[in-house]
Amino acid sequence: MLGWLVILLITLLIVGGFAGLALWLGNRMAAEDDQRTEMLREQYREQRLRNPYAHNCGAHVAPAEMPAASATPPPPVPSNAPLRAELIDDVDKDLPEDERARRAWPMFLQMWEAHRRDSTHRFLIRTSLHGRDAVESCWLRPTTIDGPQYIVIAAVAQDPVKLRSVRKGEKVRVRLGADLQKLEDWKIETPTGLETPAGTRDALE
């Protein structure tokens with residue numbers, strides 16, 4: 001009987017020793033975790049002091065270093081801009097085609113803003129494309145018109161005759177310029193007729 005009591009006592013001592021060791025190890029690891037957390041917080045505070053625009057979710061560019069905004073939209077047509085008929089009357093029909101197109105450009109922009117997403121309207125701009133082999137005046141179907149320089153992304157609406165490096169449907173980028181010097185002509189196909197700088201032609205013509 002005495003032997004069993006000794007064995008039980010030894011077992012309790014061993015179990016108690018392991019439990020105490022486990023508790024000590026747990027407390028030590030918790031203390032180390034607290035130390036690491038405090039170190040990380042200190043590093044973060046130092047980083048914020050050095051660069052107030054850096055965050056733990058990823059560095060951000062300071063406002064002074066922010067990149068310039070991408071292409072800006074074309075200048076809006078003023079709300080008091082003349083209506084289509086007034087614009088047509090204001091365009092001298094005896095002017096050269098390109099000059100007439102430039103003068104009536106506000107009308108094109110009005111229609112573009114109102115109907116560019118309509119499948120019933122087909123917008124076309126004519127300008128010269130420069131290739132490795134030649135230069136040719138082509139009609140383009142614009143998809144975007146951006147910024148005060150009127151940078152146009154468009155699909156070529158015809159198969160060029162001289163330009164072998166460009167094909168119908170190919171995407172091109174053209175800068176018409178703030179003064180529209182590279183604009184040669186434009187037209188808008190609508191359900192009721194063809195809008196041009198010179199006026200409206202009936203759809204049945």
# chains A, B, ... in the order shown; residues from 1 in each chain; ligands from 1

call {"tool": "residues_around", "arguments": {"residues": "A:Arg164", "least_positions_apart": "2", "cutoff": "10 Å", "atoms": "only C-alpha atoms", "output": "PDB file with all heavy atoms, in the first residue's frame"}}
result
ATOM      1  N   GLY A 131       1.767  57.116 -93.014  1.00  0.00           N
ATOM      2  CA  GLY A 131       2.343  55.782 -92.899  1.00  0.00           C
ATOM      3  C   GLY A 131       3.785  55.778 -93.345  1.00  0.00           C
ATOM      4  O   GLY A 131       4.355  56.814 -93.716  1.00  0.00           O
ATOM      5  N   ARG A 132       4.390  54.600 -93.319  1.00  0.00           N
ATOM      6  CA  ARG A 132       5.786  54.487 -93.751  1.00  0.00           C
ATOM      7  C   ARG A 132       5.923  54.710 -95.251  1.00  0.00           C
ATOM      8  O   ARG A 132       6.966  55.135 -95.729  1.00  0.00           O
ATOM      9  CB  ARG A 132       6.320  53.096 -93.392  1.00  0.00           C
ATOM     10  CG  ARG A 132       6.396  52.835 -91.897  1.00  0.00           C
ATOM     11  CD  ARG A 132       7.080  51.511 -91.602  1.00  0.00           C
ATOM     12  NE  ARG A 132       6.358  50.391 -92.207  1.00  0.00           N
ATOM     13  CZ  ARG A 132       5.382  49.737 -91.607  1.00  0.00           C
ATOM     14  NH1 ARG A 132       4.984  50.117 -90.398  1.00  0.00           N
ATOM     15  NH2 ARG A 132       4.793  48.719 -92.199  1.00  0.00           N
ATOM     16  N   ASP A 133       4.856  54.419 -95.987  1.00  0.00           N
ATOM     17  CA  ASP A 133       4.953  54.453 -97.440  1.00  0.00           C
ATOM     18  C   ASP A 133       4.271  55.652 -98.081  1.00  0.00           C
ATOM     19  O   ASP A 133       4.583  56.024 -99.211  1.00  0.00           O
ATOM     20  CB  ASP A 133       4.366  53.159 -98.040  1.00  0.00           C
ATOM     21  CG  ASP A 133       3.033  52.787 -97.370  1.00  0.00           C
ATOM     22  OD1 ASP A 133       2.609  53.544 -96.482  1.00  0.00           O
ATOM     23  OD2 ASP A 133       2.454  51.764 -97.739  1.00  0.00           O
ATOM     24  N   ALA A 134       3.311  56.268 -97.389  1.00  0.00           N
ATOM     25  CA  ALA A 134       2.561  57.354 -98.009  1.00  0.00           C
ATOM     26  C   ALA A 134       1.737  58.107 -96.969  1.00  0.00           C
ATOM     27  O   ALA A 134       1.696  57.738 -95.796  1.00  0.00           O
ATOM     28  CB  ALA A 134       1.645  56.794 -99.105  1.00  0.00           C
ATOM     29  N   ASP A 159     -10.835  51.240 -96.643  1.00  0.00           N
ATOM     30  CA  ASP A 159      -9.544  50.664 -97.011  1.00  0.00           C
ATOM     31  C   ASP A 159      -8.741  51.715 -97.752  1.00  0.00           C
ATOM     32  O   ASP A 159      -9.125  52.128 -98.861  1.00  0.00           O
ATOM     33  CB  ASP A 159      -9.747  49.433 -97.900  1.00  0.00           C
ATOM     34  CG  ASP A 159      -9.941  48.169 -97.086  1.00  0.00           C
ATOM     35  OD1 ASP A 159      -9.239  48.019 -96.067  1.00  0.00           O
ATOM     36  OD2 ASP A 159     -10.798  47.350 -97.445  1.00  0.00           O
ATOM     37  N   PRO A 160      -7.629  52.198 -97.174  1.00  0.00           N
ATOM     38  CA  PRO A 160      -6.820  53.201 -97.873  1.00  0.00           C
ATOM     39  C   PRO A 160      -6.293  52.674 -99.201  1.00  0.00           C
ATOM     40  O   PRO A 160      -6.058  51.474 -99.356  1.00  0.00           O
ATOM     41  CB  PRO A 160      -5.680  53.485 -96.883  1.00  0.00           C
ATOM     42  CG  PRO A 160      -6.208  53.058 -95.553  1.00  0.00           C
ATOM     43  CD  PRO A 160      -7.099  51.892 -95.834  1.00  0.00           C
ATOM     44  N   VAL A 161      -6.099  53.588-100.141  1.00  0.00           N
ATOM     45  CA  VAL A 161      -5.592  53.212-101.469  1.00  0.00           C
ATOM     46  C   VAL A 161      -4.069  53.231-101.485  1.00  0.00           C
ATOM     47  O   VAL A 161      -3.424  52.312-102.003  1.00  0.00           O
ATOM     48  CB  VAL A 161      -6.159  54.163-102.540  1.00  0.00           C
ATOM     49  CG1 VAL A 161      -5.580  53.826-103.913  1.00  0.00           C
ATOM     50  CG2 VAL A 161      -7.673  54.091-102.567  1.00  0.00           C
ATOM     51  N   LYS A 162      -3.478  54.273-100.881  1.00  0.00           N
ATOM     52  CA  LYS A 162      -2.024  54.435-100.916  1.00  0.00           C
ATOM     53  C   LYS A 162      -1.332  53.795 -99.718  1.00  0.00           C
ATOM     54  O   LYS A 162      -0.235  53.244 -99.848  1.00  0.00           O
ATOM     55  CB  LYS A 162      -1.665  55.920-100.967  1.00  0.00           C
ATOM     56  CG  LYS A 162      -2.243  56.674-102.157  1.00  0.00           C
ATOM     57  CD  LYS A 162      -1.925  58.156-102.031  1.00  0.00           C
ATOM     58  CE  LYS A 162      -2.566  58.959-103.138  1.00  0.00           C
ATOM     59  NZ  LYS A 162      -2.326  60.410-102.976  1.00  0.00           N
ATOM     60  N   VAL A 166      -1.994  50.421 -93.337  1.00  0.00           N
ATOM     61  CA  VAL A 166      -3.242  50.660 -92.599  1.00  0.00           C
ATOM     62  C   VAL A 166      -4.378  49.969 -93.327  1.00  0.00           C
ATOM     63  O   VAL A 166      -4.459  50.000 -94.550  1.00  0.00           O
ATOM     64  CB  VAL A 166      -3.534  52.174 -92.470  1.00  0.00           C
ATOM     65  CG1 VAL A 166      -4.837  52.400 -91.736  1.00  0.00           C
ATOM     66  CG2 VAL A 166      -2.394  52.877 -91.755  1.00  0.00           C
ATOM     67  N   ARG A 167      -5.258  49.341 -92.555  1.00  0.00           N
ATOM     68  CA  ARG A 167      -6.401  48.636 -93.140  1.00  0.00           C
ATOM     69  C   ARG A 167      -7.700  49.101 -92.488  1.00  0.00           C
ATOM     70  O   ARG A 167      -7.705  49.623 -91.375  1.00  0.00           O
ATOM     71  CB  ARG A 167      -6.239  47.118 -92.946  1.00  0.00           C
ATOM     72  CG  ARG A 167      -5.135  46.502 -93.787  1.00  0.00           C
ATOM     73  CD  ARG A 167      -5.505  46.518 -95.269  1.00  0.00           C
ATOM     74  NE  ARG A 167      -4.424  45.989 -96.111  1.00  0.00           N
ATOM     75  CZ  ARG A 167      -3.523  46.743 -96.715  1.00  0.00           C
ATOM     76  NH1 ARG A 167      -3.540  48.065 -96.529  1.00  0.00           N
ATOM     77  NH2 ARG A 167      -2.594  46.196 -97.470  1.00  0.00           N
TER      78      ARG A 167
END

call {"tool": "residues_around", "arguments": {"residues": "A:Leu140", "least_positions_apart": "4", "cutoff": "7 Å", "atoms": "only C-alpha atoms", "output": "number ranges by chain"}}
result
A: 124-126, 154-157

call {"tool": "write_last_selection", "arguments": {"atoms": "C-alpha atoms", "output": "PDB file, in the first residue's frame"}}
result
ATOM      1  CA  LEU A 124     -17.054  60.206 -89.073  1.00  0.00           C
ATOM      2  CA  ILE A 125     -13.984  62.447 -89.104  1.00  0.00           C
ATOM      3  CA  ARG A 126     -11.644  62.888 -92.043  1.00  0.00           C
ATOM      4  CA  ALA A 154     -10.794  55.848 -83.989  1.00  0.00           C
ATOM      5  CA  ALA A 155     -11.255  52.943 -86.361  1.00  0.00           C
ATOM      6  CA  VAL A 156     -10.357  53.437 -90.012  1.00  0.00           C
ATOM      7  CA  ALA A 157     -13.674  53.486 -91.883  1.00  0.00           C
TER       8      ALA A 157
END

call {"tool": "residues_around", "arguments": {"residues": "A:His121", "least_positions_apart": "3", "cutoff": "6 Å", "atoms": "only C-alpha atoms", "output": "PyMOL selection string"}}
result
chain A and resi 118+189-190

call {"tool": "atom_distance", "arguments": {"atom1": "atom CA of A:Leu9", "atom2": "atom CA of A:Arg28"}}
result
28.4 Å

call {"tool": "residues_around", "arguments": {"residues": "A:Phe123", "least_positions_apart": "6", "cutoff": "7 Å", "atoms": "only C-alpha atoms", "output": "short mmCIF file (atom, residue, chain, number, x, y, z; two decimals) with N, CA and C atoms, in the first residue's frame"}}
result
data_model
loop_
_atom_site.label_atom_id
_atom_site.label_comp_id
_atom_site.auth_asym_id
_atom_site.auth_seq_id
_atom_site.Cartn_x
_atom_site.Cartn_y
_atom_site.Cartn_z
N ARG A 141 -13.84 56.47 -87.76
CA ARG A 141 -14.98 56.40 -86.84
C ARG A 141 -14.47 56.54 -85.42
N PRO A 142 -14.62 57.70 -84.79
CA PRO A 142 -14.05 57.93 -83.45
C PRO A 142 -14.77 57.12 -82.38
N LYS A 187 -18.71 64.29 -90.78
CA LYS A 187 -20.11 64.08 -91.12
C LYS A 187 -20.73 63.14 -90.09
N ILE A 188 -22.04 63.23 -89.95
CA ILE A 188 -22.77 62.40 -88.99
C ILE A 188 -23.96 61.78 -89.71
N GLU A 189 -23.98 60.47 -89.80
CA GLU A 189 -25.10 59.77 -90.42
C GLU A 189 -26.17 59.56 -89.35
#

call {"tool": "atom_distance", "arguments": {"atom1": "atom CA of A:Ile153", "atom2": "atom CA of A:Gly169"}}
result
12.0 Å

call {"tool": "closest_residue", "arguments": {"among": "A:Ile10, A:Pro191, A:Thr144, A:Pro96", "to": "A:Glu113", "atoms": "only C-alpha atoms"}}
result
A:Thr144

call {"tool": "atom_distance", "arguments": {"atom1": "atom CA of A:Arg173", "atom2": "atom CA of A:Met107"}}
result
22.2 Å
